[in-house]
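Note: the block below is input31.pdb and it holds PDB, C-alpha atoms.
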```pdb
ATOM      1  CA  MET A   1       0.000   0.000   0.000
ATOM      2  CA  LYS A   2       1.132   3.522  -0.728
ATOM      3  CA  LEU A   3       0.761   6.515   1.565
ATOM      4  CA  ASN A   4      -1.991   8.952   0.655
ATOM      5  CA  GLY A   5       0.324  11.945   0.580
ATOM      6  CA  ASP A   6       3.879  13.157   1.064
ATOM      7  CA  CYS A   7       6.139  11.676   3.704
ATOM      8  CA  VAL A   8       9.714  11.566   4.949
ATOM      9  CA  LYS A   9      11.992   8.545   5.105
ATOM     10  CA  ARG A  10      11.239   6.628   8.270
ATOM     11  CA  GLU A  11      14.911   6.151   9.097
ATOM     12  CA  LEU A  12      15.594   9.872   8.747
ATOM     13  CA  ALA A  13      12.668  10.776  11.015
ATOM     14  CA  VAL A  14      13.905   8.532  13.822
ATOM     15  CA  GLN A  15      17.502   9.700  13.448
ATOM     16  CA  GLU A  16      16.413  13.325  13.691
ATOM     17  CA  LEU A  17      14.128  12.695  16.668
ATOM     18  CA  LEU A  18      16.933  11.109  18.673
ATOM     19  CA  ALA A  19      19.934  13.083  17.377
ATOM     20  CA  GLY A  20      22.202  14.080  20.263
ATOM     21  CA  ARG A  21      19.787  12.636  22.774
ATOM     22  CA  SER A  22      21.169  12.358  26.300
ATOM     23  CA  GLU A  23      18.918  12.872  29.330
ATOM     24  CA  GLU A  24      15.509  12.345  27.752
ATOM     25  CA  LEU A  25      13.312   9.514  28.994
ATOM     26  CA  VAL A  26      12.027   7.697  25.921
ATOM     27  CA  VAL A  27       8.981   5.427  25.954
ATOM     28  CA  ILE A  28       8.610   3.473  22.723
ATOM     29  CA  GLY A  29       5.384   1.924  21.471
ATOM     30  CA  LEU A  30       5.580  -1.685  20.432
ATOM     31  CA  GLY A  31       6.569  -2.907  17.010
ATOM     32  CA  SER A  32       8.595  -1.071  14.410
ATOM     33  CA  PRO A  33       9.293   2.058  16.508
ATOM     34  CA  VAL A  34      11.096  -0.196  19.014
ATOM     35  CA  TRP A  35      13.360  -1.614  16.317
ATOM     36  CA  ASP A  36      13.955   1.869  14.866
ATOM     37  CA  CYS A  37      14.979   3.429  18.177
ATOM     38  CA  THR A  38      17.034   0.434  19.286
ATOM     39  CA  ALA A  39      18.923   0.538  15.983
ATOM     40  CA  ILE A  40      20.117   4.004  16.957
ATOM     41  CA  GLU A  41      21.004   3.001  20.520
ATOM     42  CA  ASP A  42      19.784   0.441  23.033
ATOM     43  CA  HIS A  43      19.832   3.242  25.608
ATOM     44  CA  ALA A  44      19.173   2.497  29.283
ATOM     45  CA  LEU A  45      16.742   5.434  29.373
ATOM     46  CA  ASN A  46      14.629   3.806  26.671
ATOM     47  CA  PHE A  47      11.564   1.963  27.849
ATOM     48  CA  PRO A  48      10.596  -0.138  24.832
ATOM     49  CA  LEU A  49       7.298  -1.971  24.935
ATOM     50  CA  TRP A  50       6.886  -5.540  23.705
ATOM     51  CA  GLY A  51       3.151  -5.637  24.409
ATOM     52  CA  ALA A  52       0.330  -3.699  26.097
ATOM     53  CA  MET A  53      -0.508  -1.977  22.822
ATOM     54  CA  GLY A  54      -2.070   1.417  23.377
ATOM     55  CA  SER A  55      -0.247   2.119  26.642
ATOM     56  CA  ALA A  56       2.809   4.083  25.483
ATOM     57  CA  ALA A  57       1.362   7.562  25.942
ATOM     58  CA  MET A  58      -0.028   6.763  29.379
ATOM     59  CA  ILE A  59       3.277   5.315  30.543
ATOM     60  CA  GLY A  60       4.846   8.529  29.306
ATOM     61  CA  LEU A  61       2.324  10.600  31.253
ATOM     62  CA  GLY A  62       3.092   8.715  34.450
ATOM     63  CA  LEU A  63       6.801   9.300  33.960
ATOM     64  CA  ALA A  64       6.309  12.978  33.084
ATOM     65  CA  LEU A  65       4.306  13.575  36.262
ATOM     66  CA  ALA A  66       6.764  11.622  38.421
ATOM     67  CA  GLN A  67       9.830  13.293  36.871
ATOM     68  CA  PRO A  68       8.763  16.865  36.102
ATOM     69  CA  LYS A  69      12.354  18.027  35.559
ATOM     70  CA  ARG A  70      13.077  15.425  32.899
ATOM     71  CA  ARG A  71      11.820  15.541  29.355
ATOM     72  CA  VAL A  72       9.720  12.555  28.368
ATOM     73  CA  LEU A  73       9.484  11.502  24.737
ATOM     74  CA  ILE A  74       6.955   8.983  23.542
ATOM     75  CA  ILE A  75       7.818   7.563  20.147
ATOM     76  CA  THR A  76       5.134   5.318  18.766
ATOM     77  CA  GLY A  77       3.325   4.225  15.653
ATOM     78  CA  ASP A  78      -0.020   5.360  14.305
ATOM     79  CA  GLY A  79      -1.623   1.980  15.067
ATOM     80  CA  GLU A  80      -0.457   2.083  18.683
ATOM     81  CA  MET A  81      -1.559   5.700  19.123
ATOM     82  CA  LEU A  82      -4.963   4.945  17.615
ATOM     83  CA  MET A  83      -5.431   2.188  20.185
ATOM     84  CA  GLY A  84      -4.926   4.626  23.060
ATOM     85  CA  LEU A  85      -6.644   7.798  21.867
ATOM     86  CA  GLY A  86      -8.243   8.370  25.252
ATOM     87  CA  SER A  87      -4.759   9.059  26.561
ATOM     88  CA  LEU A  88      -4.697  12.311  24.559
ATOM     89  CA  ALA A  89      -7.609  13.580  26.637
ATOM     90  CA  THR A  90      -6.012  12.423  29.889
ATOM     91  CA  ILE A  91      -2.688  14.066  29.032
ATOM     92  CA  ALA A  92      -4.375  17.298  27.984
ATOM     93  CA  ALA A  93      -6.315  17.359  31.248
ATOM     94  CA  GLN A  94      -3.072  16.993  33.222
ATOM     95  CA  LYS A  95      -1.037  19.320  30.971
ATOM     96  CA  PRO A  96       2.493  18.218  31.887
ATOM     97  CA  ARG A  97       5.093  20.702  30.598
ATOM     98  CA  ASN A  98       7.645  18.015  29.786
ATOM     99  CA  LEU A  99       5.843  15.488  27.600
ATOM    100  CA  ALA A 100       6.139  15.058  23.865
ATOM    101  CA  ILE A 101       4.590  12.455  21.605
ATOM    102  CA  ALA A 102       6.045  11.719  18.179
ATOM    103  CA  VAL A 103       3.873   9.448  16.074
ATOM    104  CA  LEU A 104       5.583   7.664  13.198
ATOM    105  CA  ASP A 105       2.569   7.479  10.914
ATOM    106  CA  ASN A 106       3.013   5.110   7.977
ATOM    107  CA  GLU A 107      -0.746   4.480   7.694
ATOM    108  CA  ILE A 108      -0.332   0.702   8.056
ATOM    109  CA  TYR A 109       0.029  -1.999  10.696
ATOM    110  CA  GLY A 110       3.525  -2.919   9.536
ATOM    111  CA  GLU A 111       4.036  -5.796  11.975
ATOM    112  CA  THR A 112       0.960  -7.784  10.970
ATOM    113  CA  GLY A 113       1.006  -7.612   7.196
ATOM    114  CA  GLY A 114       0.488  -3.988   6.242
ATOM    115  CA  GLN A 115      -3.234  -3.659   6.888
ATOM    116  CA  ARG A 116      -4.477  -0.086   6.623
ATOM    117  CA  THR A 117      -4.859   1.972   9.805
ATOM    118  CA  HIS A 118      -7.473   4.656  10.272
ATOM    119  CA  THR A 119      -4.966   7.374   9.372
ATOM    120  CA  SER A 120      -4.913   5.962   5.832
ATOM    121  CA  PHE A 121      -8.612   6.821   5.661
ATOM    122  CA  GLY A 122      -7.940  10.426   6.611
ATOM    123  CA  VAL A 123      -8.070  10.371  10.412
ATOM    124  CA  ARG A 124      -5.805  13.219  11.534
ATOM    125  CA  LEU A 125      -4.072  12.524  14.829
ATOM    126  CA  ALA A 126      -2.712  16.072  15.155
ATOM    127  CA  GLU A 127      -6.230  17.464  14.861
ATOM    128  CA  MET A 128      -7.457  15.028  17.495
ATOM    129  CA  ALA A 129      -4.660  16.191  19.801
ATOM    130  CA  ARG A 130      -5.603  19.809  19.113
ATOM    131  CA  GLY A 131      -9.185  19.053  20.035
ATOM    132  CA  ALA A 132      -8.014  17.450  23.256
ATOM    133  CA  GLY A 133      -6.060  20.579  24.170
ATOM    134  CA  PHE A 134      -2.481  19.921  23.067
ATOM    135  CA  GLU A 135      -0.607  23.094  22.152
ATOM    136  CA  ARG A 136       0.609  23.459  18.561
ATOM    137  CA  PRO A 137       0.266  19.859  17.335
ATOM    138  CA  ILE A 138       1.580  19.522  13.792
ATOM    139  CA  THR A 139       1.766  17.005  10.985
ATOM    140  CA  ALA A 140       5.162  16.693   9.303
ATOM    141  CA  ILE A 141       5.176  15.642   5.660
ATOM    142  CA  ASP A 142       8.598  16.740   4.407
ATOM    143  CA  GLU A 143      12.069  17.557   5.695
ATOM    144  CA  GLU A 144      11.217  21.171   6.462
ATOM    145  CA  SER A 145       8.238  20.278   8.625
ATOM    146  CA  LEU A 146      10.211  17.396  10.152
ATOM    147  CA  THR A 147      12.785  19.938  11.369
ATOM    148  CA  ARG A 148       9.993  21.918  13.040
ATOM    149  CA  ALA A 149       8.529  18.730  14.512
ATOM    150  CA  VAL A 150      11.880  17.714  15.999
ATOM    151  CA  GLN A 151      12.314  21.183  17.484
ATOM    152  CA  LEU A 152       8.903  20.897  19.160
ATOM    153  CA  VAL A 153       9.456  17.384  20.440
ATOM    154  CA  ARG A 154      12.914  17.889  21.799
ATOM    155  CA  PHE A 155      13.046  21.431  23.034
ATOM    156  CA  GLU A 156       9.717  23.212  23.506
ATOM    157  CA  ALA A 157       7.850  23.185  26.803
ATOM    158  CA  GLY A 158       4.311  21.961  27.044
ATOM    159  CA  SER A 159       2.391  18.871  26.071
ATOM    160  CA  VAL A 160       3.438  18.324  22.494
ATOM    161  CA  LEU A 161       2.271  15.974  19.741
ATOM    162  CA  VAL A 162       3.727  15.714  16.289
ATOM    163  CA  ASN A 163       2.450  13.309  13.679
ATOM    164  CA  ILE A 164       5.179  12.470  11.206
ATOM    165  CA  LYS A 165       4.096  10.908   7.943
ATOM    166  CA  VAL A 166       6.807   8.332   7.273
ATOM    167  CA  SER A 167       7.615   5.956   4.446
ATOM    168  CA  GLN A 168       6.551   2.329   4.653
ATOM    169  CA  ASP A 169      10.089   0.927   4.555
ATOM    170  CA  PRO A 170      10.583  -1.999   6.921
ATOM    171  CA  SER A 171      12.479  -1.166  10.100
ATOM    172  CA  PRO A 172      15.873  -2.726  10.849
ATOM    173  CA  LEU A 173      15.179  -5.657  13.154
ATOM    174  CA  VAL A 174      17.370  -4.502  16.018
ATOM    175  CA  MET A 175      15.807  -5.695  19.248
ATOM    176  CA  PRO A 176      16.221  -4.556  22.853
ATOM    177  CA  PRO A 177      16.083  -7.034  25.753
ATOM    178  CA  ARG A 178      12.696  -8.738  25.975
ATOM    179  CA  GLU A 179      12.520  -9.217  29.728
ATOM    180  CA  GLY A 180      10.264  -6.566  31.270
ATOM    181  CA  VAL A 181      11.949  -6.603  34.667
ATOM    182  CA  VAL A 182      15.351  -6.109  33.019
ATOM    183  CA  LEU A 183      14.026  -3.145  31.040
ATOM    184  CA  LYS A 184      12.406  -1.646  34.138
ATOM    185  CA  ASN A 185      15.450  -2.069  36.355
ATOM    186  CA  ARG A 186      17.993  -0.738  33.906
ATOM    187  CA  PHE A 187      15.755   2.286  33.316
ATOM    188  CA  ARG A 188      15.311   2.897  37.046
ATOM    189  CA  GLU A 189      19.023   2.526  37.685
ATOM    190  CA  ALA A 190      19.921   4.944  34.883
ATOM    191  CA  LEU A 191      17.341   7.461  36.108
ATOM    192  CA  LEU A 192      17.577   7.148  39.890
ATOM    193  CA  GLY A 193      20.999   5.629  40.507
ATOM    194  CA  PRO A 194      22.050   2.206  41.761
ATOM    195  CA  ASP A 195      20.242   2.569  45.094
ATOM    196  CA  ALA A 196      16.924   2.435  43.245
ATOM    197  CA  LEU A 197      17.387  -1.310  42.865
ATOM    198  CA  LYS A 198      17.794  -1.793  46.621
ATOM    199  CA  GLU A 199      14.364  -0.448  47.484
TER     200      GLU A 199
ATOM    201  CA  MET B   1     -12.714   2.527  39.215
ATOM    202  CA  GLN B   2     -15.960   0.618  39.103
ATOM    203  CA  SER B   3     -16.013  -3.144  38.466
ATOM    204  CA  GLY B   4     -16.754  -2.694  34.759
ATOM    205  CA  GLY B   5     -13.441  -0.852  34.406
ATOM    206  CA  ILE B   6     -11.546  -4.033  35.228
ATOM    207  CA  GLY B   7     -12.758  -5.440  31.930
ATOM    208  CA  ASN B   8     -11.146  -2.542  30.081
ATOM    209  CA  CYS B   9      -7.792  -3.081  31.794
ATOM    210  CA  MET B  10      -6.817  -6.637  30.891
ATOM    211  CA  ASN B  11      -4.147  -5.897  28.288
ATOM    212  CA  MET B  12      -2.673  -3.157  30.485
ATOM    213  CA  PHE B  13      -2.456  -5.581  33.408
ATOM    214  CA  THR B  14       0.161  -7.479  31.374
ATOM    215  CA  LEU B  15       2.507  -4.538  31.976
ATOM    216  CA  ILE B  16       2.253  -5.173  35.689
ATOM    217  CA  SER B  17       3.043  -8.878  35.462
ATOM    218  CA  ASN B  18       5.720  -8.570  32.786
ATOM    219  CA  CYS B  19       7.581  -5.729  34.479
ATOM    220  CA  ARG B  20       6.531  -6.396  38.071
ATOM    221  CA  PHE B  21       5.235  -2.892  38.611
ATOM    222  CA  PRO B  22       3.390  -2.117  41.839
ATOM    223  CA  ALA B  23      -0.257  -1.259  41.124
ATOM    224  CA  LEU B  24      -2.897  -0.670  43.789
ATOM    225  CA  VAL B  25      -6.446  -0.473  42.438
ATOM    226  CA  LEU B  26      -9.553   0.405  44.443
ATOM    227  CA  VAL B  27     -12.702  -0.985  42.837
ATOM    228  CA  THR B  28     -16.279  -0.174  43.775
ATOM    229  CA  MET B  29     -18.374  -3.187  42.886
ATOM    230  CA  ARG B  30     -21.590  -3.270  40.915
ATOM    231  CA  GLY B  31     -23.582  -6.198  39.617
ATOM    232  CA  GLU B  32     -23.962  -8.037  42.903
ATOM    233  CA  TRP B  33     -25.844  -7.317  46.158
ATOM    234  CA  GLY B  34     -29.316  -5.987  45.196
ATOM    235  CA  GLU B  35     -28.261  -4.786  41.714
ATOM    236  CA  PHE B  36     -30.950  -3.011  39.673
ATOM    237  CA  ASN B  37     -29.208  -2.829  36.272
ATOM    238  CA  PRO B  38     -28.767  -6.194  34.508
ATOM    239  CA  TRP B  39     -25.964  -4.791  32.332
ATOM    240  CA  GLN B  40     -23.793  -4.545  35.443
ATOM    241  CA  ILE B  41     -24.070  -8.251  36.231
ATOM    242  CA  PRO B  42     -21.551  -9.734  33.748
ATOM    243  CA  MET B  43     -18.630  -7.550  34.827
ATOM    244  CA  GLY B  44     -19.709  -7.804  38.452
ATOM    245  CA  ARG B  45     -19.258 -11.562  38.112
ATOM    246  CA  ALA B  46     -16.139 -11.399  35.906
ATOM    247  CA  ALA B  47     -14.120  -8.697  37.680
ATOM    248  CA  GLY B  48     -12.702 -10.981  40.377
ATOM    249  CA  PRO B  49     -11.758 -13.872  38.044
ATOM    250  CA  MET B  50     -10.201 -11.395  35.607
ATOM    251  CA  VAL B  51      -7.982  -9.919  38.317
ATOM    252  CA  GLU B  52      -6.932 -13.446  39.255
ATOM    253  CA  LEU B  53      -6.255 -14.341  35.617
ATOM    254  CA  ALA B  54      -4.024 -11.264  35.447
ATOM    255  CA  GLY B  55      -2.069 -12.570  38.427
ATOM    256  CA  GLY B  56      -3.470 -10.052  40.886
ATOM    257  CA  THR B  57      -4.372 -10.379  44.555
ATOM    258  CA  ILE B  58      -7.872  -9.437  45.715
ATOM    259  CA  CYS B  59      -8.664  -7.919  49.101
ATOM    260  CA  ARG B  60     -12.444  -7.819  49.468
ATOM    261  CA  VAL B  61     -14.250  -5.576  51.943
ATOM    262  CA  GLU B  62     -17.878  -5.795  53.016
ATOM    263  CA  ILE B  63     -17.729  -3.979  56.383
ATOM    264  CA  ALA B  64     -17.110  -0.227  56.668
ATOM    265  CA  ALA B  65     -14.784  -0.479  59.656
ATOM    266  CA  GLU B  66     -12.455  -2.728  57.648
ATOM    267  CA  VAL B  67     -11.976  -0.352  54.692
ATOM    268  CA  GLY B  68      -9.115   1.655  56.198
ATOM    269  CA  PRO B  69      -7.079  -1.268  57.545
ATOM    270  CA  THR B  70      -7.631  -3.227  54.321
ATOM    271  CA  VAL B  71      -6.464  -0.398  52.066
ATOM    272  CA  GLU B  72      -3.435   0.123  54.293
ATOM    273  CA  ALA B  73      -2.547  -3.570  54.191
ATOM    274  CA  ALA B  74      -3.142  -3.697  50.441
ATOM    275  CA  ALA B  75      -0.852  -0.706  49.904
ATOM    276  CA  LYS B  76       1.930  -2.406  51.873
ATOM    277  CA  LEU B  77       1.417  -5.601  49.911
ATOM    278  CA  THR B  78       1.505  -3.707  46.618
ATOM    279  CA  PHE B  79       4.639  -1.685  47.188
ATOM    280  CA  ASN B  80       6.596  -4.223  49.224
ATOM    281  CA  THR B  81       6.069  -7.070  46.787
ATOM    282  CA  SER B  82       5.569  -5.215  43.454
ATOM    283  CA  GLY B  83       2.435  -6.517  41.858
ATOM    284  CA  LEU B  84      -1.244  -5.971  41.191
ATOM    285  CA  VAL B  85      -3.432  -5.703  44.283
ATOM    286  CA  VAL B  86      -7.124  -4.917  43.954
ATOM    287  CA  VAL B  87      -9.282  -3.813  46.868
ATOM    288  CA  MET B  88     -12.867  -4.668  46.017
ATOM    289  CA  LEU B  89     -15.413  -2.633  47.945
ATOM    290  CA  GLY B  90     -18.584  -4.732  47.868
ATOM    291  CA  GLN B  91     -21.943  -3.380  46.842
ATOM    292  CA  LYS B  92     -23.347  -4.427  50.190
ATOM    293  CA  LEU B  93     -20.897  -2.030  51.830
ATOM    294  CA  LEU B  94     -21.436   0.798  49.325
ATOM    295  CA  GLY B  95     -25.204   0.591  49.132
ATOM    296  CA  VAL B  96     -27.325  -0.267  46.152
ATOM    297  CA  LYS B  97     -27.754   2.293  43.371
ATOM    298  CA  SER B  98     -31.510   2.360  42.972
ATOM    299  CA  PHE B  99     -32.174   5.045  40.303
ATOM    300  CA  GLY B 100     -34.969   6.248  42.584
ATOM    301  CA  LYS B 101     -37.006   3.054  42.088
TER     302      LYS B 101
END
```
As structure tokens - that is how I would like this structure written.
Amino acid sequence: MKLNGDCVKRELAVQELLAGRSEELVVIGLGSPVWDCTAIEDHALNFPLWGAMGSAAMIGLGLALAQPKRRVLIITGDGEMLMGLGSLATIAAQKPRNLAIAVLDNEIYGETGGQRTHTSFGVRLAEMARGAGFERPITAIDEESLTRAVQLVRFEAGSVLVNIKVSQDPSPLVMPPREGVVLKNRFREALLGPDALKE
Amino acid sequence: MQSGGIGNCMNMFTLISNCRFPALVLVTMRGEWGEFNPWQIPMGRAAGPMVELAGGTICRVEIAAEVGPTVEAAAKLTFNTSGLVVVMLGQKLLGVKSFGK
């Protein structure tokens, strides 16, 4: 299937989103976004999901509220975001100043055979976020708007959502650890220090 | 949340078991003692088994004087052992929603 409109290369979008990343806490929705982000770095401050589809944004909200001085990035796919749309309303009601969602929108469920998602039928996630109360949500469709999207996601205060239309190229199959407790503990240790594991 | 909400949580409960997160949930029960609305019955019956299927522990309360001590004990259990603990506040304790009938 082909995207309905213009898009940027998926690989480029992920590289730009994570370029020079250091202190950010990154929650990654299951499937291709996990492989994309892990291919750049299997960072201890990544929390990649292997299941619980639809939960990425809410995990990000919990982290953003618990760690108000740290920037929280949620990188997920359109299918995963569509499964947790209620989280947009919950985030907008809480209005954390340190939360950003970047949706990699390729308009298909890439992991299950390329079935069309609702965004391929014209559902606009940025408009839904705007309706919920997100400030300045945008849709990126080319390199110029991708640059603006990255600026918003990485550096601007508020509750941010950018929907990035990306190509349907398969992601590199670079996988993080699969064990949930390992992922949790390495994240906690990197964020809170080694004593966090003694609690 | 109310008992019906448990039904909406099943896939999210897998986060708790896979990652061993602490999660304390207080549930007000419907669909049992003197229920008026038949649509509440299925989740009233299923909420407990669903929590158990998800690997959670249930602390059930039917007597008002036991609410405080039960929630306190459930909180200790949750955060000392890292898992899903659900306090179910029975409809007998809460009172029946009658819709004025």
Each residue of chain B lying at most 7 Å from chain A should get a row with its shortest atom-to-atom pair and the distance in Å to one decimal, counting all atoms listed in the file; could you produce that, ordered by chain and increasing number, as a Markdown table?
```
| residue | atom | partner | partner_atom | distance |
| --- | --- | --- | --- | --- |
| B:Asn11 | CA | A:Ala52 | CA | 5.4 |
| B:Met12 | CA | A:Ala52 | CA | 5.3 |
| B:Thr14 | CA | A:Ala52 | CA | 6.5 |
| B:Leu15 | CA | A:Ala52 | CA | 6.3 |
| B:Asn18 | CA | A:Gly180 | CA | 5.2 |
| B:Cys19 | CA | A:Gly180 | CA | 4.3 |
| B:Arg20 | CA | A:Val181 | CA | 6.4 |
```
Rank nothing, just name the residue among B:Glu32, B:Gly83, B:Val67, B:Ser3 nearest to Ser17 of chain B, using all atoms listed in the file.
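Comparing B:Glu32, B:Gly83, B:Val67, B:Ser3 against Ser17 of chain B, the winner is B:Gly83.
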Which centre and edge lengths in Å to one decimal define the box along x, y and z that fits every listed atom of segment 23-35 of chain B plus 5 Å per side, as lines of an AutoDock Vina configuration file?
```
center_x = -14.8
center_y = -3.8
center_z = 42.9
size_x = 39.1
size_y = 18.4
size_z = 16.5
```
Return as a count of residues only the set of residues that the PyMOL selection byres ((chain A and resi 130) around 12) yields on the displayed structure.
24
Tell me, as number ranges by chain, which residues lie within 9 Å of Ala46 of chain B, counting only C-alpha atoms; anything in the same chain fewer than 5 positions away does not count.
B: 3-4, 6-7, 41, 51
Starting from the PyMOL selection byres ((chain B and resi 29) around 6), expand the selection into actual residues of this file and give them as a PyMOL selection string.
chain B and resi 2-3+28+30+89-91
Excluding Thr78 of chain B and any residue of its chain fewer than 4 positions from it, enumerate the residues within 7 Å of it, using only C-alpha atoms, and give them as a PDB file with C-alpha atoms, keeping the file's coordinate frame.
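selection.pdb, freshly written:
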```
ATOM      1  CA  PRO B  22       3.390  -2.117  41.839  1.00  0.00           C
ATOM      2  CA  ALA B  23      -0.257  -1.259  41.124  1.00  0.00           C
ATOM      3  CA  LEU B  24      -2.897  -0.670  43.789  1.00  0.00           C
ATOM      4  CA  ALA B  74      -3.142  -3.697  50.441  1.00  0.00           C
ATOM      5  CA  SER B  82       5.569  -5.215  43.454  1.00  0.00           C
ATOM      6  CA  GLY B  83       2.435  -6.517  41.858  1.00  0.00           C
ATOM      7  CA  LEU B  84      -1.244  -5.971  41.191  1.00  0.00           C
ATOM      8  CA  VAL B  85      -3.432  -5.703  44.283  1.00  0.00           C
TER       9      VAL B  85
END
```
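Between atom CA of Met81 of chain A and atom CA of Leu173 of chain A the interatomic distance comes to 21.1 Å.
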Between B:Pro49, B:Glu62, B:Met10, B:Phe36, which is the closest to Ser98 of chain B once you count only C-alpha atoms?
B:Phe36
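Note that atom CA of Pro48 of chain A and atom CA of Glu189 of chain A are 15.6 Å apart.
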As an exercise, work out the distance from atom CA of Gln115 of chain A to atom CA of Asp6 of chain A in Å and give it to one decimal place.
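According to the coordinates, atom CA of Gln115 of chain A and atom CA of Asp6 of chain A are separated by 19.2 Å.
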For Gly20 of chain A: contacts at 12 Å, all atoms listed in the file, fewer than 5 positions along chain excluded, given as a list in words
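So the residues in contact are Val14, Gln15, Ile40, Glu41, Val150 and Arg154 of chain A.
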Okay, now the selection with C-alpha atoms, as a PDB file, keeping the file's coordinate frame?
```pdb
ATOM      1  CA  VAL A  14      13.905   8.532  13.822  1.00  0.00           C
ATOM      2  CA  GLN A  15      17.502   9.700  13.448  1.00  0.00           C
ATOM      3  CA  ILE A  40      20.117   4.004  16.957  1.00  0.00           C
ATOM      4  CA  GLU A  41      21.004   3.001  20.520  1.00  0.00           C
ATOM      5  CA  VAL A 150      11.880  17.714  15.999  1.00  0.00           C
ATOM      6  CA  ARG A 154      12.914  17.889  21.799  1.00  0.00           C
TER       7      ARG A 154
END
```
For a quick check of understanding, using only C-alpha atoms, which of A:Leu12, A:Val153, A:Ala56, A:Ile141 has the smallest distance to Gly84 of chain A?
A:Ala56
Answer key for the PyMOL selection byres ((chain A and resi 11) around 10), residues as a PyMOL selection string
chain A and resi 8-10+12-16+36-37+39-40+166-167+169-172
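Take the candidates A:Phe47, A:Gly79, A:Lys95, A:Glu143 and check each one against Gly114 of chain A using all atoms listed in the file; the shortest distance goes to A:Gly79.
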Env of Ser22 of chain A: 12 Å cut, atoms = only C-alpha atoms, seq-sep filter 5 positions within chain, self excluded. Answer as a PyMOL selection string.
chain A and resi 17+41+43-46+70-73+154+190-191
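In terms of minimum interatomic distance to Ala157 of chain A, A:Leu99 ranks closest within A:Val123, A:Leu99, A:Ala140, A:Leu197, counting only C-alpha atoms.
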Selected residue of minimal separation from Val27 of chain A among A:Ile74, A:Met1, A:Asp142, A:Leu85, counting all atoms listed in the file:
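Of the candidates, the smallest distance to Val27 of chain A is held by A:Ile74.
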Starting from the point (-7.6, -9.1, 44.6), work out which residues of protein, DNA or RNA have an atom no more than 8 Å away when counting all atoms listed in the file; state them as an MDAnalysis selection string.
chainID B and resid 48 51:52 56:60 84:88
